[in-house]
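Have a look at work31.tsv; it's TSV, C-alpha atoms and all ligand atoms:
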chain	number	residue	atom	x	y	z
A	10	MET	CA	-62.15	9.31	26.93
A	11	SER	CA	-63.86	9.56	30.33
A	12	PHE	CA	-64.84	12.92	31.71
A	13	ALA	CA	-62.20	12.59	34.47
A	14	THR	CA	-59.44	11.83	31.94
A	15	HIS	CA	-60.57	14.74	29.83
A	16	LEU	CA	-60.36	17.07	32.85
A	17	LYS	CA	-56.90	15.75	33.66
A	18	SER	CA	-55.58	16.43	30.19
A	19	LEU	CA	-57.10	19.91	30.24
A	20	ALA	CA	-55.33	20.58	33.55
A	21	LEU	CA	-52.08	19.31	32.06
A	22	VAL	CA	-52.38	21.65	29.07
A	23	ALA	CA	-53.13	24.61	31.39
A	24	THR	CA	-50.09	23.80	33.56
A	25	CYS	CA	-47.88	23.60	30.46
A	26	LEU	CA	-49.18	26.98	29.25
A	27	ILE	CA	-48.51	28.62	32.63
A	28	LEU	CA	-45.03	27.11	32.82
A	29	SER	CA	-44.13	28.21	29.32
A	30	ALA	CA	-45.39	31.76	30.03
A	31	GLN	CA	-43.21	31.84	33.13
A	32	THR	CA	-40.21	30.60	31.17
A	33	ASP	CA	-40.82	33.31	28.55
A	34	ALA	CA	-40.93	35.94	31.26
A	35	GLN	CA	-37.70	34.61	32.72
A	36	GLU	CA	-36.08	34.63	29.31
A	37	MET	CA	-36.61	38.38	28.85
A	38	THR	CA	-33.03	39.14	29.70
A	39	TYR	CA	-31.97	42.64	28.71
A	40	SER	CA	-29.52	45.42	29.47
A	41	LEU	CA	-29.88	49.15	28.84
A	42	ALA	CA	-27.44	51.98	29.52
A	43	ILE	CA	-27.83	55.68	28.76
A	44	HIS	CA	-25.77	58.84	29.00
A	45	GLY	CA	-26.67	62.52	29.02
A	46	GLY	CA	-23.23	63.94	28.32
A	47	ALA	CA	-19.84	64.24	30.00
A	48	GLY	CA	-18.08	67.32	31.33
A	49	THR	CA	-16.86	69.21	34.37
A	50	ILE	CA	-19.79	68.08	36.46
A	51	THR	CA	-19.00	68.48	40.17
A	52	ARG	CA	-21.14	68.63	43.30
A	53	ASP	CA	-20.15	72.22	44.14
A	54	ARG	CA	-21.51	73.42	40.79
A	55	MET	CA	-24.82	71.61	41.17
A	56	THR	CA	-27.96	72.58	43.08
A	57	PRO	CA	-30.08	69.85	44.74
A	58	GLU	CA	-33.01	70.83	42.51
A	59	LEU	CA	-31.03	70.55	39.31
A	60	GLU	CA	-29.47	67.25	40.35
A	61	ALA	CA	-32.95	65.88	41.13
A	62	ALA	CA	-34.22	67.07	37.74
A	63	TYR	CA	-31.38	65.26	35.93
A	64	ARG	CA	-31.87	62.05	37.89
A	65	GLU	CA	-35.60	62.14	37.28
A	66	LYS	CA	-35.20	62.61	33.53
A	67	LEU	CA	-32.53	59.91	33.27
A	68	THR	CA	-34.84	57.54	35.18
A	69	GLU	CA	-37.74	58.40	32.85
A	70	ALA	CA	-35.54	57.63	29.84
A	71	LEU	CA	-34.45	54.30	31.37
A	72	ARG	CA	-38.06	53.35	32.11
A	73	ALA	CA	-39.10	54.18	28.54
A	74	GLY	CA	-36.49	51.77	27.17
A	75	GLN	CA	-37.04	49.15	29.86
A	76	THR	CA	-40.80	48.95	29.18
A	77	ILE	CA	-39.98	47.85	25.64
A	78	LEU	CA	-37.18	45.45	26.56
A	79	ALA	CA	-39.09	43.75	29.39
A	80	LYS	CA	-41.83	42.80	26.93
A	81	GLY	CA	-39.34	41.24	24.56
A	82	GLY	CA	-39.20	44.34	22.33
A	83	ALA	CA	-36.25	45.27	20.11
A	84	ALA	CA	-33.06	46.95	21.35
A	85	LEU	CA	-33.44	49.46	18.49
A	86	ASP	CA	-36.87	50.51	19.77
A	87	ALA	CA	-35.61	50.79	23.35
A	88	VAL	CA	-32.68	52.97	22.27
A	89	SER	CA	-34.99	55.27	20.23
A	90	ALA	CA	-37.49	55.54	23.11
A	91	ALA	CA	-34.86	56.39	25.74
A	92	ILE	CA	-33.20	58.99	23.51
A	93	THR	CA	-36.51	60.61	22.54
A	94	VAL	CA	-37.25	61.30	26.23
A	95	MET	CA	-33.91	63.11	26.60
A	96	GLU	CA	-34.27	64.97	23.29
A	97	ASP	CA	-37.57	66.42	24.52
A	98	SER	CA	-35.95	67.80	27.69
A	99	PRO	CA	-34.12	71.16	27.77
A	100	LEU	CA	-31.65	69.63	30.27
A	101	PHE	CA	-29.58	67.91	27.60
A	102	ASN	CA	-27.66	69.09	24.55
A	103	ALA	CA	-29.90	67.25	22.09
A	104	GLY	CA	-33.27	68.09	20.56
A	105	LYS	CA	-34.96	70.82	22.62
A	106	GLY	CA	-31.84	71.73	24.62
A	107	ALA	CA	-29.39	71.84	21.69
A	108	VAL	CA	-26.51	74.33	21.93
A	109	PHE	CA	-25.93	77.19	19.47
A	110	THR	CA	-23.49	77.36	16.59
A	111	ASN	CA	-21.16	80.31	16.00
A	112	GLU	CA	-23.85	81.82	13.79
A	113	GLY	CA	-26.52	81.51	16.49
A	114	ARG	CA	-28.31	78.51	14.97
A	115	ASN	CA	-29.14	75.05	16.36
A	116	GLU	CA	-27.83	72.29	14.09
A	117	LEU	CA	-28.55	68.76	15.26
A	118	ASP	CA	-26.87	65.41	14.57
A	119	ALA	CA	-28.00	61.86	15.39
A	120	ALA	CA	-27.28	58.24	14.50
A	121	ILE	CA	-28.64	54.79	15.25
A	122	MET	CA	-27.18	51.36	14.51
A	123	ASP	CA	-28.54	47.82	14.53
A	124	GLY	CA	-25.98	45.31	15.79
A	125	ALA	CA	-27.79	42.36	14.19
A	126	THR	CA	-27.62	43.56	10.58
A	127	LEU	CA	-25.05	46.39	10.79
A	128	ASN	CA	-27.72	48.61	9.27
A	129	ALA	CA	-27.33	52.22	10.33
A	130	GLY	CA	-28.97	55.59	9.84
A	131	ALA	CA	-27.74	59.10	10.55
A	132	VAL	CA	-28.70	62.73	10.03
A	133	THR	CA	-26.52	65.77	10.38
A	134	GLY	CA	-27.00	69.53	10.52
A	135	VAL	CA	-30.78	69.39	10.74
A	136	THR	CA	-32.50	72.51	12.09
A	137	ARG	CA	-36.19	71.64	11.99
A	138	ILE	CA	-36.47	68.09	13.35
A	139	ARG	CA	-37.75	67.77	16.89
A	140	ASN	CA	-36.43	64.22	17.40
A	141	PRO	CA	-33.40	63.67	15.17
A	142	ILE	CA	-33.00	60.10	16.48
A	143	LEU	CA	-36.35	59.16	14.89
A	144	LEU	CA	-35.26	60.65	11.57
A	145	ALA	CA	-31.98	58.70	11.78
A	146	ARG	CA	-34.07	55.58	12.32
A	147	ALA	CA	-36.17	56.43	9.24
A	148	VAL	CA	-33.00	56.90	7.17
A	149	MET	CA	-31.95	53.40	8.24
A	150	ASP	CA	-35.34	51.75	7.71
A	151	LYS	CA	-36.78	53.66	4.77
A	152	SER	CA	-33.91	54.93	2.59
A	153	PRO	CA	-31.10	53.14	0.75
A	154	HIS	CA	-28.56	55.43	2.48
A	155	VAL	CA	-26.77	55.64	5.81
A	156	MET	CA	-26.42	59.41	6.29
A	157	LEU	CA	-28.44	62.38	5.05
A	158	ALA	CA	-27.42	66.00	5.66
A	159	GLN	CA	-29.12	69.36	6.20
A	160	GLU	CA	-31.85	70.32	3.67
A	161	GLY	CA	-31.71	66.87	2.06
A	162	ALA	CA	-32.41	65.20	5.39
A	163	GLU	CA	-35.29	67.61	5.98
A	164	GLU	CA	-36.72	66.94	2.52
A	165	PHE	CA	-36.61	63.23	3.32
A	166	ALA	CA	-38.29	63.97	6.69
A	167	ARG	CA	-41.10	65.82	4.91
A	168	GLU	CA	-41.59	62.88	2.53
A	169	GLN	CA	-41.75	60.51	5.49
A	170	GLY	CA	-44.46	62.56	7.17
A	171	PHE	CA	-42.32	64.10	9.92
A	172	GLU	CA	-43.58	67.41	11.27
A	173	LEU	CA	-40.98	70.14	10.60
A	174	VAL	CA	-40.79	72.48	13.59
A	175	ASN	CA	-39.94	76.16	13.54
A	176	PRO	CA	-36.18	76.43	14.30
A	177	LEU	CA	-37.16	78.73	17.19
A	178	TYR	CA	-38.42	75.60	19.00
A	179	PHE	CA	-34.75	74.98	19.88
A	180	TRP	CA	-34.13	78.50	21.20
A	181	THR	CA	-33.52	78.48	24.95
A	182	GLU	CA	-32.30	81.48	26.88
A	183	ARG	CA	-29.68	79.61	28.85
A	184	ARG	CA	-28.08	78.11	25.75
A	185	PHE	CA	-28.09	81.45	23.99
A	186	LYS	CA	-26.45	83.10	26.98
A	187	SER	CA	-23.78	80.37	26.91
A	188	LEU	CA	-23.01	81.22	23.29
A	189	LEU	CA	-22.77	84.94	24.06
A	190	ALA	CA	-20.49	84.22	27.04
A	191	VAL	CA	-18.20	81.98	24.97
A	192	GLN	CA	-18.04	84.48	22.13
A	193	ALA	CA	-17.30	87.37	24.50
A	194	GLU	CA	-14.20	85.47	25.64
A	195	ASP	CA	-12.96	84.14	22.32
A	196	SER	CA	-14.98	84.09	19.12
A	197	HIS	CA	-13.40	80.78	18.01
A	198	ALA	CA	-13.50	78.86	21.30
A	199	LEU	CA	-15.29	75.51	21.25
A	200	TYR	CA	-17.04	74.27	24.36
A	201	LEU	CA	-17.95	70.79	25.45
A	202	ASP	CA	-18.89	72.20	28.88
A	203	HIS	CA	-21.65	74.20	27.36
A	204	ASP	CA	-22.46	76.37	30.33
A	205	GLU	CA	-20.34	77.57	33.25
A	206	THR	CA	-22.76	76.43	35.93
A	207	HIS	CA	-24.85	73.74	34.30
A	208	LYS	CA	-23.05	71.10	32.30
A	209	TYR	CA	-25.16	69.76	29.53
A	210	GLY	CA	-24.43	67.05	27.07
A	211	THR	CA	-25.11	64.89	24.16
A	212	VAL	CA	-27.41	61.94	24.83
A	213	GLY	CA	-27.02	58.27	23.95
A	214	ALA	CA	-28.31	54.78	24.64
A	215	VAL	CA	-27.07	51.22	24.15
A	216	ALA	CA	-29.14	48.07	24.63
A	217	LEU	CA	-29.16	44.29	24.43
A	218	ASP	CA	-32.60	42.75	23.94
A	219	ALA	CA	-34.03	39.34	24.83
A	220	HIS	CA	-33.30	38.09	21.30
A	221	GLY	CA	-29.58	38.77	21.70
A	222	ASN	CA	-29.58	41.85	19.48
A	223	LEU	CA	-27.53	44.95	20.27
A	224	ALA	CA	-28.27	48.55	19.26
A	225	ALA	CA	-26.71	51.96	19.83
A	226	GLY	CA	-27.93	55.53	19.29
A	227	THR	CA	-26.62	59.04	19.91
A	228	SER	CA	-28.16	62.51	19.48
A	229	THR	CA	-26.58	65.94	19.95
A	230	GLY	CA	-26.54	69.65	19.26
A	231	GLY	CA	-22.74	69.37	18.96
A	232	LEU	CA	-20.35	71.89	20.50
A	233	THR	CA	-21.26	75.42	21.59
A	234	ASN	CA	-19.91	77.92	19.04
A	235	LYS	CA	-19.15	75.25	16.39
A	236	MET	CA	-18.29	76.67	12.97
A	237	TRP	CA	-20.29	76.51	9.74
A	238	GLY	CA	-21.25	73.00	8.77
A	239	ARG	CA	-19.18	71.38	11.54
A	240	ILE	CA	-20.12	67.73	12.02
A	241	GLY	CA	-19.17	65.90	15.19
A	242	ASP	CA	-18.66	62.26	16.05
A	243	SER	CA	-22.23	61.44	17.12
A	244	PRO	CA	-23.69	60.85	13.62
A	245	ILE	CA	-20.54	59.20	12.28
A	246	ILE	CA	-20.82	55.43	12.42
A	247	GLY	CA	-17.74	54.04	14.16
A	248	ALA	CA	-16.81	57.37	15.81
A	249	GLY	CA	-19.55	58.27	18.31
A	250	THR	CA	-21.95	55.40	17.61
A	251	TYR	CA	-21.45	51.72	16.79
A	252	ALA	CA	-23.15	48.34	17.33
A	253	SER	CA	-22.32	44.79	16.27
A	254	ASN	CA	-23.79	41.59	17.67
A	255	ARG	CA	-20.30	40.10	17.40
A	256	SER	CA	-19.02	42.32	20.21
A	257	CYS	CA	-20.78	45.36	21.64
A	258	ALA	CA	-22.81	48.57	21.27
A	259	VAL	CA	-21.24	51.96	22.04
A	260	SER	CA	-22.40	55.56	22.36
A	261	GLY	CA	-19.98	58.39	23.10
A	262	THR	CA	-19.95	61.95	24.37
A	263	GLY	CA	-17.01	64.31	24.29
A	264	THR	CA	-15.10	66.56	21.94
A	265	GLY	CA	-16.08	64.86	18.71
A	266	GLU	CA	-12.96	65.67	16.72
A	267	TYR	CA	-10.99	63.18	18.86
A	268	TYR	CA	-13.62	60.47	18.60
A	269	ILE	CA	-13.62	60.79	14.82
A	270	ARG	CA	-9.83	60.55	14.57
A	271	LEU	CA	-9.75	57.53	16.89
A	272	THR	CA	-12.83	55.85	15.33
A	273	LEU	CA	-13.41	55.39	19.01
A	274	ALA	CA	-16.73	53.53	19.16
A	275	ARG	CA	-15.72	50.94	16.57
A	276	GLU	CA	-12.33	50.54	18.20
A	277	VAL	CA	-13.93	49.50	21.52
A	278	CYS	CA	-15.79	46.72	19.67
A	279	ALA	CA	-12.69	45.79	17.67
A	280	LEU	CA	-10.65	45.39	20.86
A	281	MET	CA	-13.29	43.01	22.21
A	282	GLU	CA	-13.63	41.12	18.94
A	283	TYR	CA	-9.97	40.71	18.03
A	284	THR	CA	-8.11	40.72	21.34
A	285	GLY	CA	-10.73	39.11	23.59
A	286	ALA	CA	-10.65	42.13	25.92
A	287	GLY	CA	-13.56	42.39	28.37
A	288	VAL	CA	-16.04	45.23	28.00
A	289	GLN	CA	-14.65	47.34	30.87
A	290	GLN	CA	-11.08	46.78	29.75
A	291	ALA	CA	-11.87	47.75	26.15
A	292	ALA	CA	-13.75	50.87	27.27
A	293	ASP	CA	-11.01	51.95	29.68
A	294	THR	CA	-8.26	51.39	27.11
A	295	MET	CA	-9.98	53.66	24.60
A	296	ILE	CA	-10.87	56.40	27.12
A	297	HIS	CA	-7.98	56.42	29.58
A	298	GLU	CA	-5.17	55.47	27.22
A	299	ARG	CA	-6.11	56.48	23.68
A	300	LEU	CA	-8.47	59.44	24.17
A	301	THR	CA	-6.56	60.90	27.11
A	302	GLY	CA	-3.28	60.25	25.28
A	303	LEU	CA	-4.45	62.30	22.32
A	304	GLY	CA	-5.59	65.15	24.59
A	305	GLY	CA	-9.33	64.52	24.17
A	306	ASP	CA	-12.07	64.53	26.78
A	307	GLY	CA	-15.33	62.65	27.17
A	308	GLY	CA	-16.86	59.28	27.93
A	309	ILE	CA	-18.67	56.23	26.55
A	310	ILE	CA	-21.32	53.74	27.54
A	311	VAL	CA	-20.98	50.17	26.28
A	312	VAL	CA	-23.05	47.00	26.49
A	313	ASP	CA	-21.59	43.73	25.28
A	314	LYS	CA	-23.29	40.75	23.66
A	315	ASP	CA	-23.68	39.07	27.07
A	316	GLY	CA	-25.37	42.13	28.55
A	317	ASN	CA	-22.41	43.40	30.59
A	318	ILE	CA	-22.32	47.19	30.86
A	319	ALA	CA	-19.24	49.45	31.04
A	320	MET	CA	-19.12	53.21	31.47
A	321	SER	CA	-15.83	55.02	31.18
A	322	PHE	CA	-14.99	58.76	31.14
A	323	ASN	CA	-12.01	61.02	31.75
A	324	THR	CA	-14.05	64.10	32.73
A	325	GLU	CA	-15.23	65.11	36.21
A	326	GLY	CA	-18.59	63.52	35.59
A	327	MET	CA	-21.02	62.02	33.12
A	328	TYR	CA	-24.81	61.90	33.37
A	329	ARG	CA	-25.56	58.21	33.10
A	330	GLY	CA	-27.91	55.39	34.03
A	331	ARG	CA	-28.46	51.66	33.71
A	332	VAL	CA	-31.15	49.04	34.10
A	333	THR	CA	-31.05	45.29	33.44
A	334	SER	CA	-33.37	42.31	33.78
A	335	ALA	CA	-31.18	41.14	36.67
A	336	ALA	CA	-31.36	44.56	38.41
A	337	PRO	CA	-34.65	46.03	37.18
A	338	GLU	CA	-34.61	49.15	39.37
A	339	PRO	CA	-33.07	52.01	37.30
A	340	VAL	CA	-29.80	53.36	38.71
A	341	THR	CA	-28.51	56.84	37.81
A	342	ALA	CA	-25.14	58.48	38.45
A	343	ILE	CA	-23.58	61.84	37.72
A	344	TYR	CA	-20.24	62.25	39.49
A	345	LYS	CA	-16.96	60.41	39.13
A	346	ASP	CA	-17.10	58.79	42.57
A	347	GLU	CA	-20.54	57.19	42.15
B	1	LIG	N1	-19.70	64.63	20.94
B	1	LIG	C1	-20.46	65.82	20.66
B	1	LIG	C2	-19.86	66.50	19.46
B	1	LIG	O1	-18.66	66.65	19.39
B	1	LIG	C3	-20.54	66.79	21.80
B	1	LIG	C4	-20.94	66.23	23.16
B	1	LIG	O2	-20.69	65.06	23.42
B	1	LIG	O3	-21.51	66.98	23.99
B	1	LIG	O4	-20.60	66.94	18.62
Represent the structure of the file as structure tokens.
Amino acid sequence: MSFATHLKSLALVATCLILSAQTDAQEMTYSLAIHGGAGTITRDRMTPELEAAYREKLTEALRAGQTILAKGGAALDAVSAAITVMEDSPLFNAGKGAVFTNEGRNELDAAIMDGATLNAGAVTGVTRIRNPILLARAVMDKSPHVMLAQEGAEEFAREQGFELVNPLYFWTERRFKSLLAVQAEDSHALYLDHDETHKYGTVGAVALDAHGNLAAGTSTGGLTNKMWGRIGDSPIIGAGTYASNRSCAVSGTGTGEYYIRLTLAREVCALMEYTGAGVQQAADTMIHERLTGLGGDGGIIVVDKDGNIAMSFNTEGMYRGRVTSAAPEPVTAIYKDE
């Protein structure tokens, strides 16, 4: 082979490599949606500073997930990363900002589900785990079970090398004041709107990755003033969290008792799978017809297997955000009219 021919073939190989890298980059199609809870969130109850803080934290969570998805990472990892950011913020009713039970404790629930395998992991009633979503993930990946509760879940956490935090880590003055205010009114009242002026909520994320895999995750402190051992919808697979590559991934926020009775998250996917409903139609049917019909309140975020995103809620607002490979600038929203 002459030197010139050799150079030519080298140039050809280099061009092929560049082209294939570009194609790979183009193929990183992904969708990510998150929520930070639904409730009576209206402009007149919000200060500009607080609104900015929420939007900033939602954007940070979206960026955390997007960084993983844009590199071809797994939907499961993106969901965990986005939720961890929100769990570490006192703004949301999950992790650090968890609400108080009737007995003045913070009991946290979380679940994660892999749409590719239908593997799932959940923890409930944990009091010493800083990021319950990561423990839920460990239950899925490292135990033969789907759900572990209370001391058992914490024993498993210890075995897995998780740091157990002092339960006082979850004590925040604002949340404690909310509990006292609720109890002063009615010792058995349950509140989704956890604070009269600042509406906090459960957090969740749903994602489709470049490999076509869906995942969903949800993390919460539950309802303010919840009774002993009360478990909500968030850690229950099919109620507040569900993912299947055949249809969609769903994470919910709202009064969990209704979501459990409606198996709401699974039902959204079932509507898509068995009736051919589109993602927005399936979400709206479950929220505006079924949930509203039963007297429940809340919302959901959904991503389908083609990456379409739907967000539906019957409350005044829902903290939420989205980012996709087609629209890579994170978008956040809070109020109904956004
Ligand atoms: N769904 C949660 C529960 O019932 C509460 C929330 O969404 O804020 O535990």
Item checked: Near-segment 306-312 of chain A list (8 Å; all atoms listed in the file; drop same-chain fewer than 2 positions) as a ChimeraX atom specification -> /A:40-44,46-48,214-217,223,257-264,288,292,296,300-301,304,314-324,327
Using all atoms listed in the file, what does the table of segment 95-118 of chain A residues within 9 Å of segment 165-189 of chain A look like, with each row giving the shortest atom pair and its distance in Å to one decimal, sorted by chain and ascending number, as a tab-separated table?
residue	atom	partner	partner_atom	distance
A:Pro99	CA	A:Thr181	CA	7.9
A:Gly104	CA	A:Phe179	CA	7.1
A:Lys105	CA	A:Phe179	CA	5.0
A:Gly106	CA	A:Phe179	CA	6.4
A:Ala107	CA	A:Phe179	CA	6.5
A:Val108	CA	A:Arg184	CA	5.6
A:Phe109	CA	A:Leu188	CA	6.3
A:Thr110	CA	A:Leu188	CA	7.7
A:Asn111	CA	A:Leu188	CA	7.6
A:Gly113	CA	A:Leu188	CA	7.7
A:Arg114	CA	A:Pro176	CA	8.2
A:Asn115	CA	A:Phe179	CA	6.6
Notebook entry, point to check: Just how far from atom CA of Ile92 of chain A is atom CA of Ala342 of chain A, in Å to one decimal?
Noted result: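 Atom CA of Ala342 of chain A sits 17.0 Å away from atom CA of Ile92 of chain A.
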Next item on the list: Identify, counting only C-alpha atoms and all ligand atoms, the protein, DNA and RNA residues located within 8 Å of ligand LIG 1 (chain B), and give them as a ChimeraX atom specification.
Entry: /A:46-47,102,118,201-203,209-212,229-232,240-243,249,261-266,268,307
Next item on the list: Return the single residue from A:Ala336, A:Ala91, A:Leu127, A:Val135 that is closest to Glu164 of chain A, with distances computed using only C-alpha atoms.
Entry: A:Val135
Notebook entry, point to check: Residues at most 10 Å from Ala129 of chain A, counting all atoms listed in the file, excluding those fewer than 3 positions away in the same chain, as an MDAnalysis selection string?
Noted result: chainID A and resid 120:124 126 145:150 154:156 224:226 244:246 250:252
Checklist line | Residues within 10 Å of Ala79 of chain A, all atoms listed in the file, excluding chain neighbours under 4 positions, as JSON, numbers by chain | finding: {"A": [34, 35, 36, 37, 38, 39, 40, 74, 75, 83, 87, 218, 219, 333, 334, 337]}
Item checked: Nearest candidate to Asp86 of chain A (options A:Leu157, A:Ala61, A:Ala73, A:Ala119; using all atoms listed in the file) -> A:Ala73
